[in-house]
Structure formats: structure tokens, C-alpha cells
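Engineer: Okay, here's the structure, questions in a sec.
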Amino acid sequence: MIGLLQRVRLARVEVEGKTVAAIETGLLVFIGVERGDAEPAADRLLDRLLGYRAFPDPSGRMNLSVQDIGGGLLLVPQFTLAADTKKGMRPSFTPAATPAEGGRLFEYLVAGAHTRHAVVASGIFGADMQVTLVNDGPVTFWLQVS
């Protein structure tokens with residue numbers, strides 16, 4: 001399972017011109033589900049997202065997590081993260097989970113986040129989404145768990 005996280009000052013997701021999710025300071029995380037991923041991978045990714053030290057402490061060092069600062073967590077499904085781009089000029093999506101499995105694991109991750117963190121929002125699996133963000137730093141990390 002893949003999480004591409006970005007430290008943001010604000011982020012929102014729109015579907016058909018309507019805002020469906022938004023956060024202020026926190027993490028925007030694009031989620032990719034790969035074939036063979038299961039609940040333990042989603043649990044491990046959530047542990048890492050909530051505990052990952054991407055925010056500055058008073059001395060300016062990245063020592064604080066989204067939980068430490070009480071920030072928002074915006075989870076957005078993005079199956080293209082699981083693409084194979086090693087050759088050619090067109091990505092292969094063979095490594096990506098099926099839509100049914102990807103959707104199920106994404107919803108599992110979102111439900112787990114709601115039980116463990118106060119400010120959680122999410123995009124809509126399978127929707128044509130427009131994502132707006134103000135990247136803080138910029139700070140972007142690629143997390144991959146199995």
C-alpha cells in the first residue's frame with residue numbers, strides 16, 4: 001500500500017464543482033492500493049501516517065506528527081500511484097488492486113483513521129476529483145508498506 005503524503009496549510013477535494021472534503025494544516029495523503037494488499041498493510045500505513053514526523057517543533061526540526069499538532073488528515077484515493085512506469089511511454093496498471101479491492105481497502109483505511117484521529121476527511125473512491133492544496137515547505141514523502 002502506498003501513501004504519498006504532503007504537509008499542507010490547506011487542502012480540499014471537489015467533485016462536480018462541490019467541495020466534498022477539506023482540511024486546514026495537516027497532511028494530504030494520496031493512497032494507492034496494490035494487488036495483494038490487505039488490512040494489515042492498511043493498518044501499518046495508518047500507523048505511519050499518524051505518527052510520521054513531518055511538522056516542525058519549536059526549534060524548526062521535523063519532530064512532530066499530525067497527531068502531535070492536532071492537524072487534519074485528508075485521504076484521497078489515487079490508483080495511479082500503483083502504476084508500473086519502468087518502461088515505455090504509457091503506464092501499466094497491472095500492479096494496482098482491482099477497483100473493488102482498492103475501494104474496500106481505501107474505505108477500511110478511512111474508517112480506521114476516523115477511530116484514531118479527530119480531524120479526518122476523504123475523497124471519493126472512483127470519482128473524478130479535483131484536489132487543491134497549499135503545500136507547506138514543500139514537504140512530500142512517499143511511504144510504502146506491505
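By convention in this document, the chains of the C-alpha cells carry letters A, B, ... by their order, each chain's residues are numbered from 1, and ligands are numbered from 1 in the order they are shown.
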List as a PyMOL selection string the protein and nucleic acid residues near region 30-42 of chain A, meaning an atom at most 9 Å away when only C-alpha atoms are counted, but skip any in the same chain fewer than 3 places from it.

Structural biologist: chain A and resi 1-6+45-47+74-83+94-98+101-103+105-106+108-109+112+145-146

Engineer: How would the residues just chosen look if you wrote them out with N, CA and C atoms as a CSV table (one decimal), in the first residue's frame?

Structural biologist:
chain,number,residue,atom,x,y,z
A,1,MET,N,0.9,-1.2,0.0
A,1,MET,CA,0.0,0.0,0.0
A,1,MET,C,0.9,1.2,0.0
A,2,ILE,N,0.5,2.2,-0.7
A,2,ILE,CA,1.3,3.4,-0.9
A,2,ILE,C,0.6,4.6,-0.3
A,3,GLY,N,1.3,5.5,0.3
A,3,GLY,CA,0.8,6.8,0.8
A,3,GLY,C,1.8,7.9,0.3
A,4,LEU,N,1.4,8.8,-0.5
A,4,LEU,CA,2.2,9.9,-0.9
A,4,LEU,C,1.6,11.1,-0.1
A,5,LEU,N,2.4,11.5,1.0
A,5,LEU,CA,1.9,12.5,1.9
A,5,LEU,C,2.5,13.8,1.6
A,6,GLN,N,1.7,14.8,1.8
A,6,GLN,CA,2.2,16.2,1.6
A,6,GLN,C,1.7,17.0,2.8
A,45,LEU,N,0.1,1.3,7.3
A,45,LEU,CA,0.2,2.6,6.7
A,45,LEU,C,-0.4,3.7,7.6
A,46,LEU,N,-1.6,3.4,8.2
A,46,LEU,CA,-2.2,4.4,9.1
A,46,LEU,C,-1.4,4.7,10.3
A,47,ASP,N,-0.7,3.7,10.8
A,47,ASP,CA,0.2,3.9,12.0
A,47,ASP,C,1.3,4.9,11.5
A,74,LEU,N,-6.3,14.3,5.3
A,74,LEU,CA,-7.2,14.2,4.2
A,74,LEU,C,-6.7,13.1,3.3
A,75,LEU,N,-7.5,12.0,3.2
A,75,LEU,CA,-7.1,10.8,2.5
A,75,LEU,C,-7.8,10.8,1.1
A,76,VAL,N,-7.0,10.7,0.0
A,76,VAL,CA,-7.5,10.7,-1.3
A,76,VAL,C,-7.1,9.5,-2.1
A,77,PRO,N,-8.0,8.7,-2.6
A,77,PRO,CA,-7.7,7.5,-3.4
A,77,PRO,C,-7.0,7.9,-4.7
A,78,GLN,N,-5.9,7.2,-5.1
A,78,GLN,CA,-5.3,7.5,-6.3
A,78,GLN,C,-4.6,6.3,-6.8
A,79,PHE,N,-5.4,5.5,-7.7
A,79,PHE,CA,-4.9,4.2,-8.1
A,79,PHE,C,-3.6,4.4,-9.0
A,80,THR,N,-3.4,5.5,-9.6
A,80,THR,CA,-2.2,5.7,-10.5
A,80,THR,C,-0.9,5.6,-9.7
A,81,LEU,N,-0.9,5.7,-8.4
A,81,LEU,CA,0.3,5.6,-7.6
A,81,LEU,C,0.9,4.2,-7.8
A,82,ALA,N,0.0,3.2,-8.0
A,82,ALA,CA,0.5,1.8,-8.2
A,82,ALA,C,0.9,1.5,-9.6
A,83,ALA,N,1.0,2.4,-10.5
A,83,ALA,CA,1.4,2.2,-11.9
A,83,ALA,C,2.8,1.7,-12.0
A,94,THR,N,-1.1,-2.9,-14.1
A,94,THR,CA,-1.1,-4.3,-13.6
A,94,THR,C,-0.9,-4.4,-12.1
A,95,PRO,N,0.1,-3.6,-11.5
A,95,PRO,CA,0.3,-3.7,-10.1
A,95,PRO,C,-0.8,-3.2,-9.2
A,96,ALA,N,-1.8,-2.4,-9.7
A,96,ALA,CA,-2.8,-1.8,-8.9
A,96,ALA,C,-3.9,-2.9,-8.6
A,97,ALA,N,-4.5,-2.7,-7.4
A,97,ALA,CA,-5.6,-3.6,-7.0
A,97,ALA,C,-6.8,-3.4,-7.9
A,98,THR,N,-7.6,-4.4,-7.9
A,98,THR,CA,-8.9,-4.2,-8.7
A,98,THR,C,-9.7,-3.1,-8.1
A,101,GLU,N,-11.4,-4.2,-4.8
A,101,GLU,CA,-10.5,-4.4,-3.7
A,101,GLU,C,-9.9,-3.1,-3.2
A,102,GLY,N,-9.5,-2.2,-4.2
A,102,GLY,CA,-9.0,-0.9,-3.9
A,102,GLY,C,-9.9,-0.1,-3.1
A,103,GLY,N,-11.2,-0.1,-3.5
A,103,GLY,CA,-12.2,0.7,-2.8
A,103,GLY,C,-12.5,0.2,-1.4
A,105,LEU,N,-10.4,-1.5,0.5
A,105,LEU,CA,-9.2,-1.2,1.4
A,105,LEU,C,-9.1,0.3,1.7
A,106,PHE,N,-9.4,1.1,0.7
A,106,PHE,CA,-9.4,2.6,1.0
A,106,PHE,C,-10.5,2.9,2.1
A,108,TYR,N,-11.7,1.0,4.3
A,108,TYR,CA,-11.2,0.4,5.6
A,108,TYR,C,-10.2,1.4,6.2
A,109,LEU,N,-9.3,1.9,5.4
A,109,LEU,CA,-8.3,2.9,6.0
A,109,LEU,C,-8.9,4.1,6.5
A,112,GLY,N,-10.7,3.4,9.8
A,112,GLY,CA,-9.7,3.3,10.9
A,112,GLY,C,-9.1,4.6,11.3
A,145,VAL,N,4.2,0.4,2.3
A,145,VAL,CA,4.2,-0.7,3.3
A,145,VAL,C,3.6,-1.9,2.6
A,146,SER,N,3.9,-3.1,3.2
A,146,SER,CA,3.3,-4.3,2.7
A,146,SER,C,2.8,-5.2,3.8

Engineer: Got a sec: who's within 9 Å of Arg7 (chain A), counting only C-alpha atoms, leaving out chain neighbours fewer than 3 positions off, as a list in words?

Structural biologist: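 Here the qualifying residues turn out to be Leu10, Thr25, Gly26, Leu27, Leu28, Val29, Ala54, Phe55, Val134, Asn135, Asp136, Gly137, Pro138, Val139, Thr140 and Phe141 of chain A.
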
Engineer: Identify, on the basis of only C-alpha atoms, every residue whose closest approach to Ile124 (chain A) does not exceed 9 Å; exclude the query and any residue fewer than 3 positions from it along the same chain; express the result as an mmCIF file with C-alpha atoms, in the first residue's frame.

Structural biologist:
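New file selection.cif:
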data_model
loop_
_atom_site.group_PDB
_atom_site.id
_atom_site.type_symbol
_atom_site.label_atom_id
_atom_site.label_comp_id
_atom_site.auth_asym_id
_atom_site.auth_seq_id
_atom_site.Cartn_x
_atom_site.Cartn_y
_atom_site.Cartn_z
ATOM 1 C CA VAL A 13 -11.335 17.895 -2.773
ATOM 2 C CA VAL A 15 -16.380 16.510 -7.140
ATOM 3 C CA VAL A 20 -16.604 17.020 -0.550
ATOM 4 C CA VAL A 76 -7.538 10.736 -1.317
ATOM 5 C CA PRO A 77 -7.655 7.510 -3.360
ATOM 6 C CA ALA A 127 -14.826 9.775 -8.555
ATOM 7 C CA ASP A 128 -13.306 12.358 -10.873
ATOM 8 C CA MET A 129 -11.817 14.602 -8.191
#

Engineer: Nearest residue to Arg48 (chain A) out of A:Asn63, A:Ser122, A:Thr115, A:Gln144, using only C-alpha atoms?

Structural biologist: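 When distances to Arg48 (chain A) are compared using only C-alpha atoms, the smallest one comes from A:Gln144.
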
Engineer: So, counting only C-alpha atoms, which residue among A:Leu133, A:Arg44, A:Lys87, A:Val120 is closest to Val8 (chain A)?

Structural biologist: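 Selected residue with least distance to Val8 (chain A): A:Leu133.
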
Engineer: How far is it from CA of Phe93 (chain A) to CA of Glu107 (chain A), in Å with one decimal?

Structural biologist: 20.5 Å

Engineer: Hey, which of A:Gly72, A:Gly123, A:Pro99, A:Gly88 ends up closest to Ile23 (chain A)? Count only C-alpha atoms.

Structural biologist: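 Using only C-alpha atoms, Ile23 (chain A) sits closest to A:Gly72.
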
Engineer: Give me, please, the distance in Å between CA of Leu143 (chain A) and CA of Asp43 (chain A), quoted to one decimal.

Structural biologist: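 CA of Asp43 (chain A) lies 13.1 Å from CA of Leu143 (chain A).
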
Engineer: Step one, run DSSP on the backbone; step two, keep only residues of region 14-90 of chain A assigned to strand (DSSP E or B); then write them as an MDAnalysis selection string.

Structural biologist: chainID A and resid 14:15 18:23 26:32 34 55:56 62:64 72:77 84

Engineer: My list of candidates is A:Ala22, A:Ala100, A:Val119, A:Val131. Which is closest to Gly71 (chain A) when distances are computed with only C-alpha atoms?

Structural biologist: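 The answer is A:Val119, which sits nearest to Gly71 (chain A).
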
Engineer: So the first atom is CA of Phe125 (chain A) and the second is CA of Lys18 (chain A); what is the distance between them in Å, to one decimal place?

Structural biologist: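 That distance, rounded to one decimal, is 15.5 Å.
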
Engineer: Just want the 10 Å neighbourhood of Gln67 (chain A), counted on only C-alpha atoms, with same-chain residues fewer than 5 positions away dropped. Output as a list of chain:residue names.

Structural biologist: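 The neighbour list is A:Gly26, A:Leu49, A:Leu50, A:Gly51, A:Tyr52, A:Arg53, A:Gly72, A:Leu73, A:Arg116, A:His117, A:Ala118, A:Val119.
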
Engineer: Pull C-alpha atoms from the residues just selected and write them as a short mmCIF file (atom, residue, chain, number, x, y, z; two decimals), in the first residue's frame.

Structural biologist:
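Written output follows (out_7.cif):
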data_model
loop_
_atom_site.label_atom_id
_atom_site.label_comp_id
_atom_site.auth_asym_id
_atom_site.auth_seq_id
_atom_site.Cartn_x
_atom_site.Cartn_y
_atom_site.Cartn_z
CA GLY A 26 -2.20 18.81 8.28
CA LEU A 49 0.73 8.40 8.62
CA LEU A 50 -0.45 9.34 12.10
CA GLY A 51 3.00 9.07 13.65
CA TYR A 52 5.21 10.35 10.82
CA ARG A 53 7.20 13.36 12.00
CA GLY A 72 -6.15 17.41 9.67
CA LEU A 73 -5.75 14.20 7.70
CA ARG A 116 -7.91 7.12 15.79
CA HIS A 117 -7.75 10.78 14.79
CA ALA A 118 -10.03 13.76 15.41
CA VAL A 119 -9.88 15.55 12.05
#
